[in-house]
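Engineer: Just dropping this structure here.
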Amino acid sequence: MTDPSASPEAASFDASPFDSLETSLSFADIEPGDGQRWTTWPSATPTERGPEPRPAWVVTSAGALDTELGILKTGKEADVFLLERAVPDDPAQRTLLAAKRYRGEENRSFHRSAVYTEGRSTRNTRDTRALARKSEHGRAVAAAQWSFAEFEALCRLWQLGAPVPYPVQVSGTEVLMEFLGDDDGTAAPRLAQVRADRDTLQEHYAQVVDLMRLFAAAGFAHGDLSAYNLLVHQGRVRVIDLPQIVDVIANPQGLDLLHRDCVNVCDWFARRRVECDAEELFADLLAALY
């Protein structure tokens, strides 16, 4: 009787994909505990995942668990939580993420939202009609608008080389992004919390100008820039909180918001004896914009 394993077809058969499948299915024996869930990565569509090439630290295994480790920040329109995404018993597949979760319309206090959304378009006409009618679906769309706006802004700016957190994925009203901080979960300080000498602050200001110029060259203004949404991580200024990012040309108030960013930034640095001028900065950004 012929041994099937001796045939050329059997000799060329590669069983490694099935071995990998068996390995991933073995995680089904693990049940999420309190404050845990299975990773939401597999349920995200390609457009809901961050841009490629992805950083090596991004965990994409379907066998990973998401574990909540605490709250990082409460805000007017969203709260930010510290999340660990890790494959059990595999230290090489572990990362800390910031999970920003937007509140529903009834629980938000972000009253100036219309200022920032002028000139934006919704994803489809059904959403546009629902927003106008303020139906239940419309309220859900309004809540998710901010998360998708921030995710899309992070993706575009990351690809342009801006100092923003890497956007991992978006799901409904939750944006998962790179955690800026230490491995023990200590978050990077806000610029407003940094105590530094004048020379260091001058360098920080130069970095802020560079990022504002990059935004302007792409046609954007942050719209709400201040020392409270700029972080200092490993000596580099990084910008966060981008749901209200403004298309300076499409938004009728775009130039006013860009000017306000300049005034806010320069006022803060000037109080710390850093040489800067809001009007000169505004003129510089206009030249980058046009």
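Identifiers for the structure tokens are assigned positionally: chains receive A, B, ... in sequence, residues are indexed from 1 per chain, and ligands are indexed from 1 in the order shown.
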Quick check for you: according to DSSP on this backbone, which residues of stretch 249-286 of chain A are classed as alpha helix (DSSP H)? Reply as a list in words.
Structural biologist: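 Matching residues, listed in order: Gly254, Leu255, Asp256, Leu257, Leu258, His259, Arg260, Asp261, Cys262, Val263, Asn264, Val265, Cys266, Asp267, Trp268, Phe269, Ala270, Ala278, Glu279, Glu280, Leu281, Phe282, Ala283, Asp284, Leu285 and Leu286 of chain A.
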Engineer: Give me, as JSON lines, each residue of stretch 153-185 of chain A that comes within 9 Å of stretch 46-68 of chain A, together with its shortest interatomic pair and the distance in Å at one decimal, counting only C-alpha atoms, with rows ordered by chain and rising residue number.
Structural biologist:
```
{"residue": "A:Leu154", "atom": "CA", "partner": "A:Gly50", "partner_atom": "CA", "distance": 8.8}
{"residue": "A:Cys155", "atom": "CA", "partner": "A:Pro51", "partner_atom": "CA", "distance": 6.2}
{"residue": "A:Arg156", "atom": "CA", "partner": "A:Pro51", "partner_atom": "CA", "distance": 8.5}
{"residue": "A:Trp158", "atom": "CA", "partner": "A:Pro51", "partner_atom": "CA", "distance": 8.2}
{"residue": "A:Gln159", "atom": "CA", "partner": "A:Pro51", "partner_atom": "CA", "distance": 7.4}
{"residue": "A:Tyr166", "atom": "CA", "partner": "A:Gly50", "partner_atom": "CA", "distance": 7.4}
{"residue": "A:Pro167", "atom": "CA", "partner": "A:Gly50", "partner_atom": "CA", "distance": 5.2}
{"residue": "A:Val168", "atom": "CA", "partner": "A:Gly50", "partner_atom": "CA", "distance": 4.7}
{"residue": "A:Gln169", "atom": "CA", "partner": "A:Arg49", "partner_atom": "CA", "distance": 4.3}
{"residue": "A:Val170", "atom": "CA", "partner": "A:Glu48", "partner_atom": "CA", "distance": 5.3}
{"residue": "A:Ser171", "atom": "CA", "partner": "A:Glu48", "partner_atom": "CA", "distance": 7.0}
{"residue": "A:Met177", "atom": "CA", "partner": "A:Gly50", "partner_atom": "CA", "distance": 8.9}
{"residue": "A:Glu178", "atom": "CA", "partner": "A:Val58", "partner_atom": "CA", "distance": 8.8}
```
Engineer: Include N, CA, C and O atoms and write out the residues we just selected as a CSV table (one decimal), in the first residue's frame.
Structural biologist:
```csv
chain,number,residue,atom,x,y,z
A,154,LEU,N,-5.2,62.6,13.2
A,154,LEU,CA,-4.0,62.0,13.6
A,154,LEU,C,-3.3,61.2,12.5
A,154,LEU,O,-2.1,61.2,12.4
A,155,CYS,N,-4.1,60.4,11.7
A,155,CYS,CA,-3.6,59.7,10.6
A,155,CYS,C,-2.9,60.6,9.6
A,155,CYS,O,-1.7,60.3,9.2
A,156,ARG,N,-3.6,61.6,9.2
A,156,ARG,CA,-3.0,62.5,8.2
A,156,ARG,C,-1.7,63.2,8.7
A,156,ARG,O,-0.7,63.3,8.0
A,158,TRP,N,0.2,62.3,11.2
A,158,TRP,CA,1.3,61.3,11.5
A,158,TRP,C,2.1,61.0,10.1
A,158,TRP,O,3.3,61.0,10.1
A,159,GLN,N,1.3,60.9,9.1
A,159,GLN,CA,1.9,60.6,7.8
A,159,GLN,C,2.7,61.8,7.3
A,159,GLN,O,3.7,61.6,6.5
A,166,TYR,N,0.8,58.1,17.6
A,166,TYR,CA,0.4,57.2,16.5
A,166,TYR,C,-1.1,56.8,16.8
A,166,TYR,O,-1.4,56.2,17.9
A,167,PRO,N,-2.0,56.9,15.8
A,167,PRO,CA,-3.4,56.5,16.0
A,167,PRO,C,-3.5,55.0,15.6
A,167,PRO,O,-3.3,54.6,14.5
A,168,VAL,N,-3.8,54.2,16.6
A,168,VAL,CA,-3.9,52.7,16.4
A,168,VAL,C,-5.2,52.3,15.8
A,168,VAL,O,-5.2,51.6,14.8
A,169,GLN,N,-6.3,52.8,16.3
A,169,GLN,CA,-7.6,52.4,15.7
A,169,GLN,C,-8.7,53.3,16.2
A,169,GLN,O,-8.5,53.9,17.3
A,170,VAL,N,-9.8,53.3,15.6
A,170,VAL,CA,-11.0,54.0,16.0
A,170,VAL,C,-12.2,53.0,16.0
A,170,VAL,O,-12.3,52.2,15.1
A,171,SER,N,-13.0,53.0,17.0
A,171,SER,CA,-14.2,52.1,17.1
A,171,SER,C,-15.3,52.9,17.7
A,171,SER,O,-15.3,53.1,19.0
A,177,MET,N,-4.8,55.2,20.8
A,177,MET,CA,-3.6,55.8,20.3
A,177,MET,C,-2.4,55.5,21.1
A,177,MET,O,-2.5,55.0,22.3
A,178,GLU,N,-1.3,55.8,20.6
A,178,GLU,CA,0.0,55.7,21.3
A,178,GLU,C,-0.1,56.3,22.7
A,178,GLU,O,-0.5,57.5,22.8
```
Engineer: Hey, can you check how far atom CA of A:Gly104 sits from atom CA of A:Gly75?
Structural biologist: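 Atom-to-atom, atom CA of A:Gly104 to atom CA of A:Gly75, that is 13.1 Å.
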Engineer: Which of these, A:Gly70, A:Pro252, A:Pro243, A:Pro163, has the shortest distance to A:Phe148 once you count only C-alpha atoms?
Structural biologist: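 Of A:Gly70, A:Pro252, A:Pro243, A:Pro163, the one nearest A:Phe148 is A:Pro243, counting only C-alpha atoms.
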Engineer: Kindly give the distance, in Å, that separates atom CA of A:Leu286 and atom CA of A:Leu242, rounded to a single decimal.
Structural biologist: 20.4 Å
Engineer: Please build the interface table for stretch 243-271 of chain A against stretch 210-214 of chain A with a cut-off of 10 Å, listing for each qualifying residue the nearest atom pair and the distance in Å to one decimal; count only C-alpha atoms, order rows by chain and increasing number, and write it as a Markdown table.
Structural biologist:
```
| residue | atom | partner | partner_atom | distance |
| --- | --- | --- | --- | --- |
| A:Leu258 | CA | A:Met212 | CA | 9.2 |
| A:Asp261 | CA | A:Met212 | CA | 8.9 |
| A:Cys262 | CA | A:Met212 | CA | 8.8 |
```
Engineer: Would you pick out the contacts of stretch 226-228 of chain A at 8 Å or less, using only C-alpha atoms, so that residues sharing its chain but fewer than 4 positions from it are not included, and give the list as a list in words?
Structural biologist: Arg190, Leu191, Ala192, Asp261, Asn264, Val265 and Trp268 of chain A
Engineer: Go through A:Cys266, A:Gln253, A:Val239, A:Ala221 and flag the residue nearest A:Leu285, using only C-alpha atoms for the distances.
Structural biologist: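 Of the candidates, the smallest distance to A:Leu285 is held by A:Ala221.
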Engineer: Just checking: using only C-alpha atoms, which residue out of A:Gly172, A:Gly254, A:Gly223, A:Pro32 ends up closest to A:Leu289?
Structural biologist: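 Closest residue, counting only C-alpha atoms: A:Gly254.
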Engineer: Tell me which protein, DNA and RNA residues are within 7 Å of stretch 217-219 of chain A, counting only C-alpha atoms, leaving out same-chain ones fewer than 5 positions away, and put them as JSON, numbers by chain.
Structural biologist: {"A": [247, 248, 249, 288, 289]}
Engineer: A:Asp79, A:Asp199, A:Asp184, A:Asp267: which is nearest A:Lys100, counting only C-alpha atoms?
Structural biologist: A:Asp79
Engineer: Show me, as a tab-separated table (two decimals) with N, CA, C and O atoms, in the first residue's frame, the residues that have an atom within 10 Å of A:Leu201 when counting only C-alpha atoms, minus same-chain residues fewer than 6 positions from it.
Structural biologist:
```
chain	number	residue	atom	x	y	z
A	191	LEU	N	3.02	70.55	28.90
A	191	LEU	CA	3.96	71.67	28.87
A	191	LEU	C	3.70	72.60	30.05
A	191	LEU	O	4.65	73.13	30.65
A	194	VAL	N	5.66	71.60	33.12
A	194	VAL	CA	7.12	71.48	33.03
A	194	VAL	C	7.80	72.67	33.70
A	194	VAL	O	7.43	73.82	33.46
A	195	ARG	N	8.76	72.37	34.54
A	195	ARG	CA	9.59	73.42	35.14
A	195	ARG	C	10.96	73.35	34.49
A	195	ARG	O	11.71	72.40	34.70
A	207	GLN	N	10.07	74.24	18.88
A	207	GLN	CA	9.40	73.01	18.45
A	207	GLN	C	7.91	73.25	18.21
A	207	GLN	O	7.32	72.70	17.27
A	269	PHE	N	4.33	81.52	26.62
A	269	PHE	CA	5.80	81.57	26.61
A	269	PHE	C	6.33	82.93	27.02
A	269	PHE	O	7.37	83.02	27.70
A	272	ARG	N	6.94	83.52	30.54
A	272	ARG	CA	8.12	82.80	31.05
A	272	ARG	C	9.40	83.34	30.42
A	272	ARG	O	10.40	82.65	30.35
A	273	ARG	N	9.32	84.58	29.94
A	273	ARG	CA	10.47	85.34	29.44
A	273	ARG	C	11.10	84.72	28.19
A	273	ARG	O	12.30	84.86	27.96
A	274	VAL	N	10.28	84.05	27.40
A	274	VAL	CA	10.74	83.56	26.11
A	274	VAL	C	10.35	84.58	25.05
A	274	VAL	O	9.21	85.04	25.00
```
